[in-house]
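Below: the structure, in structure tokens.
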Amino acid sequence: MTNSSAKRFSRVGVAALAVSLSLLTGCATTSGERDPRDPWESFNRGSFEFNRDLDKAIVRPIAKAYHYVTPDLLEQGISNVVTNLSYPVTIVNLLLQGKFADFGEALGRFVLNSTFGIGGLLDPATIEGIPRHNEDFGQTFAVWGWEESPFLMLPFLGPSTLRDGIGLVPEIYTDGVSIAANEFDRYEPLVADVLTLRVNLFDLDDDLEEAADPYLLVRDAYLQSREFDIADGETDLPDYDDFLDEEE
């Protein structure tokens with residue numbers, strides 16, 4: 001699971017929701033024992049079911065049709081473009097975290113793909129061996145000291161934490177997809193971003209359907225993935241098969 005990219009709707013509203021939740025003393029959970037990482041479980045489960053219903057009714061069918069009719073080469077090119085548009089978020093956060101060598105690599109990747117890669121349609125940076133980094137404001141806040149944060153399932157946007165949800169606000173001003181949508185009324189990159197993300201999640205659909213509690217699967221996998229991201233890969237990636245075994 002990743003914290004990227006379908007996060008392109010009303011981000012200020014999302015942050016306001018996250019801040020209001022932080023003032024709550026905690027909602028009743030649906031399980032007998034409260035998980036300290038998930039004090040708002042009742043709200044989160046409701047958001048999770050809303051998102052699943054929306055996905056099944058609208059997002060997934062459209063993504064399947066898009067994947068079916070779009071040639072693989074074109075689909076990869078579209079994915080490259082939206083990835084490149086979003087890459088300034090990584091560049092800014094590498095600088096904010098003081099990772100200057102990685103910042104230089106990321107800036108070089110962005111410039112090369114934006115020019116010789118025709119706006120990111122092609123990916124010459126990978127051919128040249130320039131690594132791809134992945135940073136966001138939630139990770140930066142964690143590096144600055146906000147390491148523990150309660151889980152938060154955001155309507156429309158999916159799994160997050162209070163820290164990561166607030167981190168969506170400055171992304172408005174650094175993410176090319178958000179800038180295109182908010183400043184220039186260009187929603188094509190937004191649509192392409194959401195469809196690309198949903199296509200990349202097709203492989204997880206069966207796991208969710210088979211899980212005894214899909215919400216717990218998504219929550220635990222997300223939190224462990226974020227720990228991995230924040231630690232720059234110095235922890236183990238989550239094993240989704242283990243999560244499924246635990247559910248059984």
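Residues in the structure tokens are named by chain (A, B, ... in the order shown) and by number from 1 within that chain; ligands are numbered from 1 in the order shown.
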(request) Might you pull out every residue within 8 Å of region 140-157 of chain A, with only C-alpha atoms counted and same-chain residues fewer than 2 positions away left off, and present them as a PyMOL selection string? (result) chain A and resi 6-9+14+18+36-40+43-45+47-48+50-51+93+96-97+135-138+159-163+165+167+219+223+230
Grab the residues selected above and save them as a PDB file, in the first residue's frame with C-alpha atoms.
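The resulting file, again29.pdb, is shown below:
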```
ATOM      1  CA  ALA A   6      -5.166   9.158  -5.230  1.00  0.00           C
ATOM      2  CA  LYS A   7      -4.842  12.022  -2.771  1.00  0.00           C
ATOM      3  CA  ARG A   8      -5.920  14.706  -5.191  1.00  0.00           C
ATOM      4  CA  PHE A   9      -9.340  15.826  -4.035  1.00  0.00           C
ATOM      5  CA  VAL A  14      -9.072  16.607   4.476  1.00  0.00           C
ATOM      6  CA  ALA A  18      -7.838  15.369  10.451  1.00  0.00           C
ATOM      7  CA  PRO A  36      -3.631   2.263  20.477  1.00  0.00           C
ATOM      8  CA  ARG A  37      -2.670   3.047  16.879  1.00  0.00           C
ATOM      9  CA  ASP A  38      -6.335   3.259  15.874  1.00  0.00           C
ATOM     10  CA  PRO A  39      -8.302   5.311  18.431  1.00  0.00           C
ATOM     11  CA  TRP A  40     -10.936   6.320  15.852  1.00  0.00           C
ATOM     12  CA  PHE A  43     -15.020   6.376  12.078  1.00  0.00           C
ATOM     13  CA  ASN A  44     -12.234   4.677  10.147  1.00  0.00           C
ATOM     14  CA  ARG A  45     -14.291   1.560   9.464  1.00  0.00           C
ATOM     15  CA  SER A  47     -14.803   5.556   5.859  1.00  0.00           C
ATOM     16  CA  PHE A  48     -13.308   2.251   4.717  1.00  0.00           C
ATOM     17  CA  PHE A  50     -17.644   4.064   2.015  1.00  0.00           C
ATOM     18  CA  ASN A  51     -14.431   3.932  -0.006  1.00  0.00           C
ATOM     19  CA  ASN A  93      11.048  16.817   0.998  1.00  0.00           C
ATOM     20  CA  LEU A  96      13.686  19.594   3.946  1.00  0.00           C
ATOM     21  CA  GLN A  97      15.117  16.384   5.437  1.00  0.00           C
ATOM     22  CA  GLU A 135       9.479  11.133   0.018  1.00  0.00           C
ATOM     23  CA  ASP A 136       6.472  13.146   1.160  1.00  0.00           C
ATOM     24  CA  PHE A 137       5.568  15.633   3.882  1.00  0.00           C
ATOM     25  CA  GLY A 138       4.312  12.909   6.222  1.00  0.00           C
ATOM     26  CA  PRO A 159      -5.482   4.887   4.484  1.00  0.00           C
ATOM     27  CA  SER A 160      -3.419   7.573   6.184  1.00  0.00           C
ATOM     28  CA  THR A 161      -2.489   8.871   9.617  1.00  0.00           C
ATOM     29  CA  LEU A 162      -3.195  12.208  11.266  1.00  0.00           C
ATOM     30  CA  ARG A 163       0.398  13.231  10.480  1.00  0.00           C
ATOM     31  CA  GLY A 165      -3.228  13.690   6.397  1.00  0.00           C
ATOM     32  CA  GLY A 167       1.024  16.515   5.238  1.00  0.00           C
ATOM     33  CA  ARG A 219      -4.650  -0.762   8.216  1.00  0.00           C
ATOM     34  CA  LEU A 223       1.171   1.293   8.913  1.00  0.00           C
ATOM     35  CA  ILE A 230      10.153   6.566   7.097  1.00  0.00           C
TER      36      ILE A 230
END
```
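DSSP secondary structure from the backbone places Val169, Pro170, Glu171, Gly176, Val177, Ser178, Ile179, Ala180, Ala181, Asn182, Glu183, Glu188, Pro189, Leu190, Val191, Ala192, Asp193, Val194, Leu195, Thr196, Leu197, Arg198, Val199, Asn200, Phe202, Asp203, Leu204 and Asp205 of chain A of region 169-205 of chain A in helix (DSSP H, G or I).
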Mind running region 108-129 of chain A against region 74-83 of chain A at 9 Å and telling me each contacting residue's nearest atom pair with the distance in Å (one decimal), counting only C-alpha atoms, chain and number ascending, as JSON lines?
```
{"residue": "A:Ser114", "atom": "CA", "partner": "A:Val81", "partner_atom": "CA", "distance": 8.9}
{"residue": "A:Ile118", "atom": "CA", "partner": "A:Val81", "partner_atom": "CA", "distance": 8.9}
{"residue": "A:Gly119", "atom": "CA", "partner": "A:Val81", "partner_atom": "CA", "distance": 6.6}
{"residue": "A:Gly120", "atom": "CA", "partner": "A:Val81", "partner_atom": "CA", "distance": 4.5}
{"residue": "A:Leu121", "atom": "CA", "partner": "A:Gly77", "partner_atom": "CA", "distance": 4.8}
{"residue": "A:Leu122", "atom": "CA", "partner": "A:Gly77", "partner_atom": "CA", "distance": 6.3}
{"residue": "A:Asp123", "atom": "CA", "partner": "A:Asn80", "partner_atom": "CA", "distance": 7.0}
```
Just write the chosen residues, N, CA and C atoms, as a JSON list (two decimals), in the first residue's frame.
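Final output, saved to result.json:
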```json
[["chain", "number", "residue", "atom", "x", "y", "z"],
["A", 114, "SER", "N", 11.91, 15.47, -17.65],
["A", 114, "SER", "CA", 11.04, 16.55, -18.12],
["A", 114, "SER", "C", 11.50, 17.10, -19.47],
["A", 118, "ILE", "N", 10.50, 14.10, -22.64],
["A", 118, "ILE", "CA", 9.28, 14.70, -23.22],
["A", 118, "ILE", "C", 8.20, 14.84, -22.15],
["A", 119, "GLY", "N", 8.53, 15.61, -21.11],
["A", 119, "GLY", "CA", 7.56, 15.87, -20.06],
["A", 119, "GLY", "C", 7.30, 14.69, -19.15],
["A", 120, "GLY", "N", 8.18, 13.70, -19.21],
["A", 120, "GLY", "CA", 8.01, 12.53, -18.37],
["A", 120, "GLY", "C", 7.38, 11.35, -19.08],
["A", 121, "LEU", "N", 7.01, 11.53, -20.34],
["A", 121, "LEU", "CA", 6.41, 10.42, -21.09],
["A", 121, "LEU", "C", 7.38, 9.25, -21.17],
["A", 122, "LEU", "N", 8.65, 9.56, -21.34],
["A", 122, "LEU", "CA", 9.71, 8.55, -21.33],
["A", 122, "LEU", "C", 10.49, 8.67, -20.02],
["A", 123, "ASP", "N", 11.30, 7.67, -19.73],
["A", 123, "ASP", "CA", 12.03, 7.64, -18.46],
["A", 123, "ASP", "C", 13.51, 7.40, -18.69]]
```
(message) Which residues are near Glu188 (chain A)? Cut-off 12 Å, only C-alpha atoms, ignore same chain within fewer than 3 positions. Put them as a ChimeraX atom specification.
(response) /A:8,78,81-82,176-181,184-185,191-195
Output N, CA and C atoms of each residue in that selection to a file, as a PDB file, in the first residue's frame.
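Contents of the output file result-v1.pdb:
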```pdb
ATOM      1  N   ARG A   8      -5.902  13.507  -4.368  1.00  0.00           N
ATOM      2  CA  ARG A   8      -5.920  14.706  -5.191  1.00  0.00           C
ATOM      3  C   ARG A   8      -7.225  15.472  -5.094  1.00  0.00           C
ATOM      4  N   ILE A  78       1.611   7.146 -19.762  1.00  0.00           N
ATOM      5  CA  ILE A  78       0.739   7.974 -18.927  1.00  0.00           C
ATOM      6  C   ILE A  78       1.161   7.883 -17.467  1.00  0.00           C
ATOM      7  N   VAL A  81       4.184  10.020 -16.921  1.00  0.00           N
ATOM      8  CA  VAL A  81       3.897  11.456 -16.889  1.00  0.00           C
ATOM      9  C   VAL A  81       3.389  11.890 -15.517  1.00  0.00           C
ATOM     10  N   VAL A  82       2.413  11.154 -14.966  1.00  0.00           N
ATOM     11  CA  VAL A  82       1.872  11.576 -13.676  1.00  0.00           C
ATOM     12  C   VAL A  82       2.900  11.381 -12.561  1.00  0.00           C
ATOM     13  N   GLY A 176       2.673  18.580  -8.981  1.00  0.00           N
ATOM     14  CA  GLY A 176       2.215  19.074 -10.268  1.00  0.00           C
ATOM     15  C   GLY A 176       0.794  18.657 -10.615  1.00  0.00           C
ATOM     16  N   VAL A 177       0.388  17.467 -10.186  1.00  0.00           N
ATOM     17  CA  VAL A 177      -0.980  17.021 -10.451  1.00  0.00           C
ATOM     18  C   VAL A 177      -1.979  17.908  -9.710  1.00  0.00           C
ATOM     19  N   SER A 178      -1.704  18.193  -8.440  1.00  0.00           N
ATOM     20  CA  SER A 178      -2.585  19.059  -7.654  1.00  0.00           C
ATOM     21  C   SER A 178      -2.583  20.475  -8.191  1.00  0.00           C
ATOM     22  N   ILE A 179      -1.414  20.970  -8.584  1.00  0.00           N
ATOM     23  CA  ILE A 179      -1.329  22.328  -9.127  1.00  0.00           C
ATOM     24  C   ILE A 179      -2.149  22.443 -10.410  1.00  0.00           C
ATOM     25  N   ALA A 180      -2.051  21.430 -11.265  1.00  0.00           N
ATOM     26  CA  ALA A 180      -2.822  21.449 -12.509  1.00  0.00           C
ATOM     27  C   ALA A 180      -4.317  21.494 -12.226  1.00  0.00           C
ATOM     28  N   ALA A 181      -4.760  20.715 -11.237  1.00  0.00           N
ATOM     29  CA  ALA A 181      -6.184  20.656 -10.930  1.00  0.00           C
ATOM     30  C   ALA A 181      -6.665  21.920 -10.229  1.00  0.00           C
ATOM     31  N   PHE A 184      -5.023  25.474 -12.562  1.00  0.00           N
ATOM     32  CA  PHE A 184      -5.225  25.616 -14.002  1.00  0.00           C
ATOM     33  C   PHE A 184      -6.472  24.889 -14.508  1.00  0.00           C
ATOM     34  N   ASP A 185      -7.239  24.305 -13.575  1.00  0.00           N
ATOM     35  CA  ASP A 185      -8.459  23.576 -13.970  1.00  0.00           C
ATOM     36  C   ASP A 185      -8.179  22.527 -15.033  1.00  0.00           C
ATOM     37  N   VAL A 191      -7.224  12.530 -13.232  1.00  0.00           N
ATOM     38  CA  VAL A 191      -7.911  11.305 -13.644  1.00  0.00           C
ATOM     39  C   VAL A 191      -6.902  10.216 -13.975  1.00  0.00           C
ATOM     40  N   ALA A 192      -5.864  10.582 -14.704  1.00  0.00           N
ATOM     41  CA  ALA A 192      -4.840   9.597 -15.067  1.00  0.00           C
ATOM     42  C   ALA A 192      -4.136   9.056 -13.830  1.00  0.00           C
ATOM     43  N   ASP A 193      -3.906   9.911 -12.848  1.00  0.00           N
ATOM     44  CA  ASP A 193      -3.234   9.499 -11.618  1.00  0.00           C
ATOM     45  C   ASP A 193      -4.081   8.490 -10.853  1.00  0.00           C
ATOM     46  N   VAL A 194      -5.364   8.789 -10.695  1.00  0.00           N
ATOM     47  CA  VAL A 194      -6.256   7.896  -9.959  1.00  0.00           C
ATOM     48  C   VAL A 194      -6.377   6.552 -10.678  1.00  0.00           C
ATOM     49  N   LEU A 195      -6.540   6.587 -11.996  1.00  0.00           N
ATOM     50  CA  LEU A 195      -6.679   5.339 -12.756  1.00  0.00           C
ATOM     51  C   LEU A 195      -5.396   4.519 -12.701  1.00  0.00           C
TER      52      LEU A 195
END
```
(request) Using DSSP on the backbone, list every residue of region 69-230 of chain A that comes out as strand (DSSP E), and give them as a PyMOL selection string. (result) chain A and resi 151-154+158-161
Please produce a file of those selected residues containing N, CA and C atoms, as a PDB file, in the first residue's frame.
```pdb
ATOM      1  N   PHE A 151      -3.809   6.162  13.242  1.00  0.00           N
ATOM      2  CA  PHE A 151      -4.293   5.787  11.925  1.00  0.00           C
ATOM      3  C   PHE A 151      -5.556   6.568  11.603  1.00  0.00           C
ATOM      4  N   LEU A 152      -5.708   6.928  10.330  1.00  0.00           N
ATOM      5  CA  LEU A 152      -6.867   7.694   9.884  1.00  0.00           C
ATOM      6  C   LEU A 152      -7.243   7.244   8.484  1.00  0.00           C
ATOM      7  N   MET A 153      -8.449   6.703   8.332  1.00  0.00           N
ATOM      8  CA  MET A 153      -8.952   6.311   7.020  1.00  0.00           C
ATOM      9  C   MET A 153      -9.731   7.487   6.449  1.00  0.00           C
ATOM     10  N   LEU A 154      -9.194   8.084   5.400  1.00  0.00           N
ATOM     11  CA  LEU A 154      -9.784   9.289   4.837  1.00  0.00           C
ATOM     12  C   LEU A 154     -10.824   8.946   3.774  1.00  0.00           C
ATOM     13  N   GLY A 158      -8.401   7.156   1.223  1.00  0.00           N
ATOM     14  CA  GLY A 158      -7.868   5.896   1.691  1.00  0.00           C
ATOM     15  C   GLY A 158      -7.042   5.994   2.956  1.00  0.00           C
ATOM     16  N   PRO A 159      -6.206   4.974   3.218  1.00  0.00           N
ATOM     17  CA  PRO A 159      -5.482   4.887   4.484  1.00  0.00           C
ATOM     18  C   PRO A 159      -4.457   6.005   4.637  1.00  0.00           C
ATOM     19  N   SER A 160      -4.342   6.505   5.877  1.00  0.00           N
ATOM     20  CA  SER A 160      -3.419   7.573   6.184  1.00  0.00           C
ATOM     21  C   SER A 160      -3.179   7.559   7.689  1.00  0.00           C
ATOM     22  N   THR A 161      -2.570   8.599   8.180  1.00  0.00           N
ATOM     23  CA  THR A 161      -2.489   8.871   9.617  1.00  0.00           C
ATOM     24  C   THR A 161      -2.799  10.350   9.784  1.00  0.00           C
TER      25      THR A 161
END
```
(request) State, in Å with one decimal place, the distance from CA of Gly108 (chain A) to CA of Pro131 (chain A). (result)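 The value is 10.0 Å.
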(message) Set the distance at 8 Å and use only C-alpha atoms: which residues neighbour Ala106 (chain A) once local chain neighbours fewer than 6 positions away are removed? I'd like the list as a PyMOL selection string.
(response) chain A and resi 90-91+131-133
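In this model, the gap between CA of Val169 (chain A) and CA of Asn134 (chain A) comes to 17.6 Å.
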